[in-house]
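Engineer: Could you have a look at this structure, given as structure tokens, before my questions?
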Amino acid sequence: MPFGLKNTEATYQRLVDKAFQKQIGRNLEVYVDDLVIKSRTELEIMRDIEETFKTLREINMKLNPKKCTFGIEEGMFLGYKVNTKVIKVCPDKVEAVLSIPSPKCLKDVHKLNGKLASLNRFLSKSTEKSLPFFKTLKKCTKKSDFQWTAEAEVAFKQMKKLIAELPTLTAPMKIEELIVYLAAAQEAYRRRTSVKGQILADGSSCVDSFGAGLILTNPKGAEFTYAVRFRFDATNNEAEYEALIAGLRIA
């Protein structure tokens with residue numbers, strides 16, 4: 001299947017989701033063409049592999065032996081090093097940032113921001129720390145307008161120090177309390193101007209305010225529809241958060 005075609009990846013993802021629906025979350029995870037069989041004990045390995053291969057034969061899907069590895073305690077999945085206890089950052093991604101020189105043009109800053117995006121879940125307040133990089137892109141309508149400031153250089157060196165000692169992530173345990181940590185920077189959640197699609201969506205319910213629609217489905221399949229009207233101006237993201245909170249209260 002040529003992945004350059006429109007909606008190919010989404011179509012392929014629906015295919016594997018349907019094919020492996022009995023295994024996903026239990027002993028297998030799959031994202032497009034990246035598939036990982038996960039077994040808790042050595043005794044379960046052969047059973048899980050056999051079940052997966054049975055499904056592969058049923059849908060006539062073949063694997064590339066050169067890209068397959070079996071019986072390992074730690075492996076790469078979606079750019080992360082994963083084992084039974086922790087999730088580690090990919091060493092190649094860390095090295096890619098540590099070896100990059102100070103940006104000299106707009107293209108270099110875009111490359112830097114792209115590399116940092118793959119590491120942001122390991123960095124506390126990553127957006128706030130990257131703010132000096134984004135400021136260099138402001139008012140740069142052409143390449144000659146670019147200036148790498150002293151503030152950006154200091155932030156760049158501090159970021160490298162942090163990346164050299166990134167923490168590991170652990171999977172949540174059922175018996176332990178789960179604490180959600182949310183960091184928000186005032187300079188980064190600034191409201192954007194609406195585009196035509198957003199104006200139509202906001203105006204379809206009420207022209208002088210903002211709102212959201214909710215659809216709740218109970219275990220029997222019955223749907224309940226609600227409309228929420230806000231007494232404040234809201235971005236699309238804020239509307240989604242408010243809709244989620246309202247949905248939880250209604251449920």
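How things are named: the first chain in the structure tokens is A, the next is B, and so on; residues count from 1 in each chain; ligands count from 1 in the order shown.
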Might you pull out every residue within 8 Å of A:Asp34, with only C-alpha atoms counted and same-chain residues fewer than 2 positions away left off, and present them as a PyMOL selection string?

Structural biologist: chain A and resi 30-32+36+77-78

Engineer: Which residues in stretch 7-244 of chain A does DSSP call helix (DSSP H, G or I)? List them as a PyMOL selection string.

Structural biologist: chain A and resi 8-19+42-58+65-67+91-98+106-117+120-122+126-129+131-135+143-145+150-164+196-203+236-244

Engineer: Skip A:Ser39 itself and residues of its chain fewer than 6 positions away, then list as a PyMOL selection string all residues within 12 Å of it, counting only C-alpha atoms.

Structural biologist: chain A and resi 23+25-29+45-52+70-74+83-84

Engineer: At most 8 Å is the cut-off: for each residue in stretch 96-125 of chain A with any atom that close to an atom of stretch 129-137 of chain A, write down the nearest atom pair and the distance in Å rounded to one decimal, counting only C-alpha atoms, chain first then increasing number, as a Markdown table.

Structural biologist:
| residue | atom | partner | partner_atom | distance |
| --- | --- | --- | --- | --- |
| A:Leu106 | CA | A:Leu137 | CA | 7.1 |
| A:Val109 | CA | A:Phe133 | CA | 7.0 |
| A:Asn113 | CA | A:Phe133 | CA | 7.9 |
| A:Lys125 | CA | A:Lys129 | CA | 6.4 |

Engineer: Those residues with N, CA, C and O atoms, as a compact mmCIF listing (two decimals), in the first residue's frame please?

Structural biologist:
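Contents of the output file out-v3.txt:
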# COMPACT_ATOMS: atom_id res chain seq x y z
N LEU A 106 16.48 30.59 9.90
CA LEU A 106 15.13 30.15 10.25
C LEU A 106 14.99 28.63 10.16
O LEU A 106 14.37 28.00 11.01
N VAL A 109 16.22 26.81 13.23
CA VAL A 109 15.33 26.89 14.38
C VAL A 109 14.17 25.91 14.23
O VAL A 109 13.76 25.25 15.18
N ASN A 113 13.26 22.95 16.87
CA ASN A 113 11.95 22.79 17.49
C ASN A 113 11.34 21.43 17.18
O ASN A 113 10.65 20.84 18.01
N LYS A 125 7.79 21.62 31.70
CA LYS A 125 7.58 22.97 31.16
C LYS A 125 8.42 23.20 29.91
O LYS A 125 9.10 24.22 29.77

Engineer: Just list the residues in stretch 94-245 of chain A DSSP gives strand (DSSP E or B) on the backbone, as a PDB file with all heavy atoms, in the first residue's frame.

Structural biologist:
ATOM      1  N   LEU A 169      10.223   7.530  32.291  1.00  0.00           N
ATOM      2  CA  LEU A 169       8.801   7.523  32.611  1.00  0.00           C
ATOM      3  C   LEU A 169       8.385   6.119  33.039  1.00  0.00           C
ATOM      4  O   LEU A 169       8.882   5.131  32.509  1.00  0.00           O
ATOM      5  CB  LEU A 169       7.979   7.955  31.395  1.00  0.00           C
ATOM      6  CG  LEU A 169       8.322   9.309  30.769  1.00  0.00           C
ATOM      7  CD1 LEU A 169       7.418   9.568  29.577  1.00  0.00           C
ATOM      8  CD2 LEU A 169       8.172  10.422  31.791  1.00  0.00           C
ATOM      9  N   THR A 170       7.469   6.043  33.984  1.00  0.00           N
ATOM     10  CA  THR A 170       6.973   4.741  34.433  1.00  0.00           C
ATOM     11  C   THR A 170       5.497   4.611  34.108  1.00  0.00           C
ATOM     12  O   THR A 170       4.766   5.602  34.070  1.00  0.00           O
ATOM     13  CB  THR A 170       7.168   4.569  35.947  1.00  0.00           C
ATOM     14  OG1 THR A 170       6.466   5.624  36.627  1.00  0.00           O
ATOM     15  CG2 THR A 170       8.638   4.631  36.325  1.00  0.00           C
ATOM     16  N   PHE A 210     -20.150  31.743  22.714  1.00  0.00           N
ATOM     17  CA  PHE A 210     -19.441  30.523  22.380  1.00  0.00           C
ATOM     18  C   PHE A 210     -20.115  29.340  23.050  1.00  0.00           C
ATOM     19  O   PHE A 210     -20.696  29.482  24.140  1.00  0.00           O
ATOM     20  CB  PHE A 210     -17.980  30.615  22.840  1.00  0.00           C
ATOM     21  CG  PHE A 210     -17.174  31.634  22.083  1.00  0.00           C
ATOM     22  CD1 PHE A 210     -17.335  32.990  22.310  1.00  0.00           C
ATOM     23  CD2 PHE A 210     -16.268  31.233  21.114  1.00  0.00           C
ATOM     24  CE1 PHE A 210     -16.596  33.924  21.611  1.00  0.00           C
ATOM     25  CE2 PHE A 210     -15.520  32.153  20.409  1.00  0.00           C
ATOM     26  CZ  PHE A 210     -15.686  33.507  20.658  1.00  0.00           C
ATOM     27  N   GLY A 211     -20.028  28.169  22.440  1.00  0.00           N
ATOM     28  CA  GLY A 211     -20.676  27.001  23.018  1.00  0.00           C
ATOM     29  C   GLY A 211     -20.065  25.708  22.543  1.00  0.00           C
ATOM     30  O   GLY A 211     -19.082  25.701  21.799  1.00  0.00           O
ATOM     31  N   ALA A 212     -20.642  24.598  22.985  1.00  0.00           N
ATOM     32  CA  ALA A 212     -20.161  23.271  22.603  1.00  0.00           C
ATOM     33  C   ALA A 212     -21.317  22.293  22.625  1.00  0.00           C
ATOM     34  O   ALA A 212     -22.325  22.509  23.306  1.00  0.00           O
ATOM     35  CB  ALA A 212     -19.059  22.811  23.556  1.00  0.00           C
ATOM     36  N   GLY A 213     -21.185  21.238  21.855  1.00  0.00           N
ATOM     37  CA  GLY A 213     -22.191  20.175  21.826  1.00  0.00           C
ATOM     38  C   GLY A 213     -21.655  18.909  22.455  1.00  0.00           C
ATOM     39  O   GLY A 213     -20.470  18.607  22.337  1.00  0.00           O
ATOM     40  N   LEU A 214     -22.516  18.178  23.144  1.00  0.00           N
ATOM     41  CA  LEU A 214     -22.109  16.943  23.815  1.00  0.00           C
ATOM     42  C   LEU A 214     -22.998  15.796  23.381  1.00  0.00           C
ATOM     43  O   LEU A 214     -24.206  15.969  23.202  1.00  0.00           O
ATOM     44  CB  LEU A 214     -22.231  17.077  25.341  1.00  0.00           C
ATOM     45  CG  LEU A 214     -21.420  18.168  26.029  1.00  0.00           C
ATOM     46  CD1 LEU A 214     -21.820  18.231  27.491  1.00  0.00           C
ATOM     47  CD2 LEU A 214     -19.952  17.860  25.919  1.00  0.00           C
ATOM     48  N   ILE A 215     -22.401  14.633  23.207  1.00  0.00           N
ATOM     49  CA  ILE A 215     -23.154  13.409  22.952  1.00  0.00           C
ATOM     50  C   ILE A 215     -22.649  12.342  23.906  1.00  0.00           C
ATOM     51  O   ILE A 215     -21.484  11.947  23.833  1.00  0.00           O
ATOM     52  CB  ILE A 215     -23.018  12.929  21.494  1.00  0.00           C
ATOM     53  CG1 ILE A 215     -23.566  13.972  20.523  1.00  0.00           C
ATOM     54  CG2 ILE A 215     -23.755  11.599  21.313  1.00  0.00           C
ATOM     55  CD1 ILE A 215     -23.418  13.574  19.061  1.00  0.00           C
ATOM     56  N   LEU A 216     -23.504  11.907  24.831  1.00  0.00           N
ATOM     57  CA  LEU A 216     -23.145  10.847  25.770  1.00  0.00           C
ATOM     58  C   LEU A 216     -23.851   9.570  25.370  1.00  0.00           C
ATOM     59  O   LEU A 216     -25.032   9.583  25.005  1.00  0.00           O
ATOM     60  CB  LEU A 216     -23.539  11.232  27.198  1.00  0.00           C
ATOM     61  CG  LEU A 216     -22.922  12.520  27.764  1.00  0.00           C
ATOM     62  CD1 LEU A 216     -23.360  12.706  29.213  1.00  0.00           C
ATOM     63  CD2 LEU A 216     -21.415  12.479  27.685  1.00  0.00           C
ATOM     64  N   THR A 217     -23.139   8.447  25.410  1.00  0.00           N
ATOM     65  CA  THR A 217     -23.699   7.148  25.060  1.00  0.00           C
ATOM     66  C   THR A 217     -23.621   6.230  26.269  1.00  0.00           C
ATOM     67  O   THR A 217     -22.542   6.030  26.829  1.00  0.00           O
ATOM     68  CB  THR A 217     -22.933   6.511  23.882  1.00  0.00           C
ATOM     69  OG1 THR A 217     -22.889   7.440  22.792  1.00  0.00           O
ATOM     70  CG2 THR A 217     -23.610   5.234  23.430  1.00  0.00           C
ATOM     71  N   GLU A 223     -28.159   7.328  23.075  1.00  0.00           N
ATOM     72  CA  GLU A 223     -27.410   8.575  23.000  1.00  0.00           C
ATOM     73  C   GLU A 223     -28.192   9.726  23.622  1.00  0.00           C
ATOM     74  O   GLU A 223     -29.403   9.842  23.462  1.00  0.00           O
ATOM     75  CB  GLU A 223     -27.076   8.908  21.537  1.00  0.00           C
ATOM     76  CG  GLU A 223     -26.064   7.970  20.905  1.00  0.00           C
ATOM     77  CD  GLU A 223     -25.616   8.442  19.538  1.00  0.00           C
ATOM     78  OE1 GLU A 223     -26.209   9.422  19.025  1.00  0.00           O
ATOM     79  OE2 GLU A 223     -24.687   7.834  18.977  1.00  0.00           O
ATOM     80  N   PHE A 224     -27.484  10.594  24.339  1.00  0.00           N
ATOM     81  CA  PHE A 224     -28.072  11.771  24.967  1.00  0.00           C
ATOM     82  C   PHE A 224     -27.306  12.994  24.480  1.00  0.00           C
ATOM     83  O   PHE A 224     -26.084  13.068  24.620  1.00  0.00           O
ATOM     84  CB  PHE A 224     -27.985  11.664  26.492  1.00  0.00           C
ATOM     85  CG  PHE A 224     -28.664  10.439  27.051  1.00  0.00           C
ATOM     86  CD1 PHE A 224     -27.951   9.258  27.170  1.00  0.00           C
ATOM     87  CD2 PHE A 224     -29.997  10.470  27.426  1.00  0.00           C
ATOM     88  CE1 PHE A 224     -28.565   8.120  27.674  1.00  0.00           C
ATOM     89  CE2 PHE A 224     -30.613   9.339  27.929  1.00  0.00           C
ATOM     90  CZ  PHE A 224     -29.906   8.155  28.050  1.00  0.00           C
ATOM     91  N   THR A 225     -28.015  13.936  23.895  1.00  0.00           N
ATOM     92  CA  THR A 225     -27.382  15.110  23.287  1.00  0.00           C
ATOM     93  C   THR A 225     -27.636  16.351  24.142  1.00  0.00           C
ATOM     94  O   THR A 225     -28.765  16.580  24.603  1.00  0.00           O
ATOM     95  CB  THR A 225     -27.929  15.348  21.871  1.00  0.00           C
ATOM     96  OG1 THR A 225     -27.757  14.157  21.093  1.00  0.00           O
ATOM     97  CG2 THR A 225     -27.195  16.490  21.194  1.00  0.00           C
ATOM     98  N   TYR A 226     -26.574  17.144  24.348  1.00  0.00           N
ATOM     99  CA  TYR A 226     -26.675  18.356  25.149  1.00  0.00           C
ATOM    100  C   TYR A 226     -25.962  19.500  24.432  1.00  0.00           C
ATOM    101  O   TYR A 226     -25.067  19.271  23.630  1.00  0.00           O
ATOM    102  CB  TYR A 226     -26.025  18.168  26.534  1.00  0.00           C
ATOM    103  CG  TYR A 226     -26.610  17.036  27.345  1.00  0.00           C
ATOM    104  CD1 TYR A 226     -26.095  15.750  27.217  1.00  0.00           C
ATOM    105  CD2 TYR A 226     -27.658  17.255  28.234  1.00  0.00           C
ATOM    106  CE1 TYR A 226     -26.622  14.698  27.955  1.00  0.00           C
ATOM    107  CE2 TYR A 226     -28.191  16.214  28.976  1.00  0.00           C
ATOM    108  CZ  TYR A 226     -27.672  14.942  28.840  1.00  0.00           C
ATOM    109  OH  TYR A 226     -28.196  13.913  29.563  1.00  0.00           O
ATOM    110  N   ALA A 227     -26.378  20.715  24.730  1.00  0.00           N
ATOM    111  CA  ALA A 227     -25.712  21.912  24.230  1.00  0.00           C
ATOM    112  C   ALA A 227     -25.271  22.750  25.419  1.00  0.00           C
ATOM    113  O   ALA A 227     -26.022  22.931  26.381  1.00  0.00           O
ATOM    114  CB  ALA A 227     -26.650  22.713  23.335  1.00  0.00           C
ATOM    115  N   VAL A 228     -24.035  23.251  25.376  1.00  0.00           N
ATOM    116  CA  VAL A 228     -23.486  24.056  26.461  1.00  0.00           C
ATOM    117  C   VAL A 228     -23.160  25.443  25.921  1.00  0.00           C
ATOM    118  O   VAL A 228     -22.512  25.572  24.882  1.00  0.00           O
ATOM    119  CB  VAL A 228     -22.214  23.401  27.035  1.00  0.00           C
ATOM    120  CG1 VAL A 228     -21.657  24.256  28.163  1.00  0.00           C
ATOM    121  CG2 VAL A 228     -22.509  21.999  27.543  1.00  0.00           C
ATOM    122  N   ARG A 229     -23.597  26.473  26.628  1.00  0.00           N
ATOM    123  CA  ARG A 229     -23.319  27.855  26.224  1.00  0.00           C
ATOM    124  C   ARG A 229     -22.371  28.483  27.243  1.00  0.00           C
ATOM    125  O   ARG A 229     -22.608  28.417  28.449  1.00  0.00           O
ATOM    126  CB  ARG A 229     -24.613  28.665  26.156  1.00  0.00           C
ATOM    127  CG  ARG A 229     -24.407  30.114  25.709  1.00  0.00           C
ATOM    128  CD  ARG A 229     -25.742  30.807  25.540  1.00  0.00           C
ATOM    129  NE  ARG A 229     -25.563  32.208  25.183  1.00  0.00           N
ATOM    130  CZ  ARG A 229     -26.564  33.058  24.926  1.00  0.00           C
ATOM    131  NH1 ARG A 229     -27.802  32.621  24.978  1.00  0.00           N
ATOM    132  NH2 ARG A 229     -26.319  34.305  24.622  1.00  0.00           N
ATOM    133  N   PHE A 230     -21.279  29.086  26.769  1.00  0.00           N
ATOM    134  CA  PHE A 230     -20.284  29.689  27.657  1.00  0.00           C
ATOM    135  C   PHE A 230     -20.562  31.174  27.844  1.00  0.00           C
ATOM    136  O   PHE A 230     -21.021  31.852  26.920  1.00  0.00           O
ATOM    137  CB  PHE A 230     -18.870  29.519  27.074  1.00  0.00           C
ATOM    138  CG  PHE A 230     -18.510  28.092  26.776  1.00  0.00           C
ATOM    139  CD1 PHE A 230     -17.831  27.762  25.615  1.00  0.00           C
ATOM    140  CD2 PHE A 230     -18.851  27.073  27.650  1.00  0.00           C
ATOM    141  CE1 PHE A 230     -17.492  26.449  25.337  1.00  0.00           C
ATOM    142  CE2 PHE A 230     -18.521  25.761  27.387  1.00  0.00           C
ATOM    143  CZ  PHE A 230     -17.843  25.446  26.223  1.00  0.00           C
TER     144      PHE A 230
END

Engineer: Which polymer residues have any atom within 9 Å of an atom of A:Trp148, counting only C-alpha atoms, with same-chain residues fewer than 4 positions away left out, as a ChimeraX atom specification?

Structural biologist: /A:102-105,133,136,152-153

Engineer: When you draw a straight line from atom CA of A:Leu35 to atom CA of A:Leu63, how long is it in Å?

Structural biologist: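 Computing it gives 10.1 Å between the two atoms.
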
Engineer: Could you make a table, as a Markdown table, of the residues of stretch 26-133 of chain A that have an atom within 7 Å of an atom of stretch 156-167 of chain A, each with its nearest atom pair and distance in Å to one decimal, counting only C-alpha atoms, in chain and number order?

Structural biologist:
| residue | atom | partner | partner_atom | distance |
| --- | --- | --- | --- | --- |
| A:Val94 | CA | A:Ile163 | CA | 6.6 |
| A:Leu98 | CA | A:Lys160 | CA | 5.9 |
| A:Phe122 | CA | A:Leu166 | CA | 6.4 |

Engineer: Could you please take those selected residues and save all heavy atoms as a short mmCIF file (atom, residue, chain, number, x, y, z; two decimals), in the first residue's frame?

Structural biologist:
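Written output follows (result08.cif):
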data_model
loop_
_atom_site.label_atom_id
_atom_site.label_comp_id
_atom_site.auth_asym_id
_atom_site.auth_seq_id
_atom_site.Cartn_x
_atom_site.Cartn_y
_atom_site.Cartn_z
N VAL A 94 18.31 12.03 21.62
CA VAL A 94 19.09 12.86 22.54
C VAL A 94 20.36 13.34 21.86
O VAL A 94 20.72 14.52 21.91
CB VAL A 94 19.42 12.09 23.83
CG1 VAL A 94 20.36 12.90 24.70
CG2 VAL A 94 18.15 11.74 24.58
N LEU A 98 21.96 17.14 21.18
CA LEU A 98 23.22 17.51 21.80
C LEU A 98 24.30 17.87 20.78
O LEU A 98 25.17 18.69 21.03
CB LEU A 98 23.73 16.37 22.68
CG LEU A 98 22.87 16.02 23.91
CD1 LEU A 98 23.49 14.87 24.68
CD2 LEU A 98 22.69 17.22 24.81
N PHE A 122 9.38 14.29 28.23
CA PHE A 122 10.39 14.04 29.26
C PHE A 122 10.88 15.33 29.91
O PHE A 122 11.64 15.29 30.87
CB PHE A 122 11.60 13.31 28.65
CG PHE A 122 11.30 11.93 28.17
CD1 PHE A 122 10.85 11.71 26.87
CD2 PHE A 122 11.44 10.83 29.00
CE1 PHE A 122 10.57 10.43 26.41
CE2 PHE A 122 11.16 9.55 28.56
CZ PHE A 122 10.72 9.35 27.26
#

Engineer: Could you check how far atom CA of A:Glu242 sits from atom CA of A:Val180, in Å to one decimal?

Structural biologist: 17.4 Å

Engineer: Extract, using only C-alpha atoms, all DNA, RNA and protein residues at most 9 Å from stretch 2-12 of chain A, discarding same-chain residues fewer than 2 positions from it, and format them as a PyMOL selection string.

Structural biologist: chain A and resi 14-17+32-33

Engineer: May I have the selected residues written with N, CA, C and O atoms, as a PDB file, in the first residue's frame?

Structural biologist:
ATOM      1  N   ARG A  14      -7.119   1.599  10.689  1.00  0.00           N
ATOM      2  CA  ARG A  14      -8.423   0.971  10.937  1.00  0.00           C
ATOM      3  C   ARG A  14      -8.375  -0.517  10.625  1.00  0.00           C
ATOM      4  O   ARG A  14      -9.025  -1.324  11.303  1.00  0.00           O
ATOM      5  N   LEU A  15      -7.603  -0.880   9.617  1.00  0.00           N
ATOM      6  CA  LEU A  15      -7.454  -2.287   9.251  1.00  0.00           C
ATOM      7  C   LEU A  15      -6.830  -3.090  10.394  1.00  0.00           C
ATOM      8  O   LEU A  15      -7.372  -4.117  10.815  1.00  0.00           O
ATOM      9  N   VAL A  16      -5.687  -2.625  10.906  1.00  0.00           N
ATOM     10  CA  VAL A  16      -5.006  -3.370  11.966  1.00  0.00           C
ATOM     11  C   VAL A  16      -5.793  -3.319  13.272  1.00  0.00           C
ATOM     12  O   VAL A  16      -5.766  -4.278  14.059  1.00  0.00           O
ATOM     13  N   ASP A  17      -6.498  -2.204  13.529  1.00  0.00           N
ATOM     14  CA  ASP A  17      -7.333  -2.128  14.732  1.00  0.00           C
ATOM     15  C   ASP A  17      -8.432  -3.190  14.698  1.00  0.00           C
ATOM     16  O   ASP A  17      -8.737  -3.818  15.722  1.00  0.00           O
ATOM     17  N   VAL A  32      -0.032   1.708  13.098  1.00  0.00           N
ATOM     18  CA  VAL A  32       0.191   1.591  11.652  1.00  0.00           C
ATOM     19  C   VAL A  32       0.965   0.289  11.388  1.00  0.00           C
ATOM     20  O   VAL A  32       0.427  -0.792  11.585  1.00  0.00           O
ATOM     21  N   ASP A  33       2.235   0.376  10.978  1.00  0.00           N
ATOM     22  CA  ASP A  33       2.972  -0.854  10.650  1.00  0.00           C
ATOM     23  C   ASP A  33       3.973  -1.234  11.744  1.00  0.00           C
ATOM     24  O   ASP A  33       4.833  -2.089  11.534  1.00  0.00           O
TER      25      ASP A  33
END

Engineer: Residues within 9 Å of A:Val97, please, as a ChimeraX atom specification. Count only C-alpha atoms; anything in the same chain fewer than 4 positions from it doesn't count.

Structural biologist: /A:92-93,101,112,115-116,160,163

Engineer: Save the residues we just selected, N, CA and C atoms, as an mmCIF file, in the first residue's frame?

Structural biologist:
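Saved file selection08.cif follows:
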data_model
loop_
_atom_site.group_PDB
_atom_site.id
_atom_site.type_symbol
_atom_site.label_atom_id
_atom_site.label_comp_id
_atom_site.auth_asym_id
_atom_site.auth_seq_id
_atom_site.Cartn_x
_atom_site.Cartn_y
_atom_site.Cartn_z
ATOM 1 N N ASP A 92 19.279 8.058 20.241
ATOM 2 C CA ASP A 92 19.556 8.756 18.982
ATOM 3 C C ASP A 92 18.926 10.157 18.969
ATOM 4 N N LYS A 93 17.718 10.277 19.562
ATOM 5 C CA LYS A 93 17.051 11.583 19.597
ATOM 6 C C LYS A 93 17.786 12.554 20.511
ATOM 7 N N PRO A 101 24.515 22.353 16.325
ATOM 8 C CA PRO A 101 25.122 23.653 16.670
ATOM 9 C C PRO A 101 24.063 24.729 16.846
ATOM 10 N N LEU A 112 15.422 22.523 15.075
ATOM 11 C CA LEU A 112 15.609 22.396 16.520
ATOM 12 C C LEU A 112 14.272 22.149 17.217
ATOM 13 N N LYS A 115 13.040 18.615 16.671
ATOM 14 C CA LYS A 115 13.749 17.624 17.484
ATOM 15 C C LYS A 115 13.312 17.691 18.946
ATOM 16 N N LEU A 116 13.068 18.895 19.449
ATOM 17 C CA LEU A 116 12.637 19.053 20.842
ATOM 18 C C LEU A 116 11.218 18.528 21.057
ATOM 19 N N LYS A 160 20.247 21.942 26.465
ATOM 20 C CA LYS A 160 21.157 20.820 26.223
ATOM 21 C C LYS A 160 21.542 20.127 27.528
ATOM 22 N N ILE A 163 18.592 17.969 28.601
ATOM 23 C CA ILE A 163 18.410 16.805 27.741
ATOM 24 C C ILE A 163 19.470 15.741 27.998
#

Engineer: Let me make sure I understand: among A:Ile250, A:Thr168, A:Gln147, A:Phe20, which one has the smallest atom-to-atom distance to A:Lys81 if we use only C-alpha atoms?

Structural biologist: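 Among A:Ile250, A:Thr168, A:Gln147, A:Phe20, it is A:Thr168 that comes nearest to A:Lys81.
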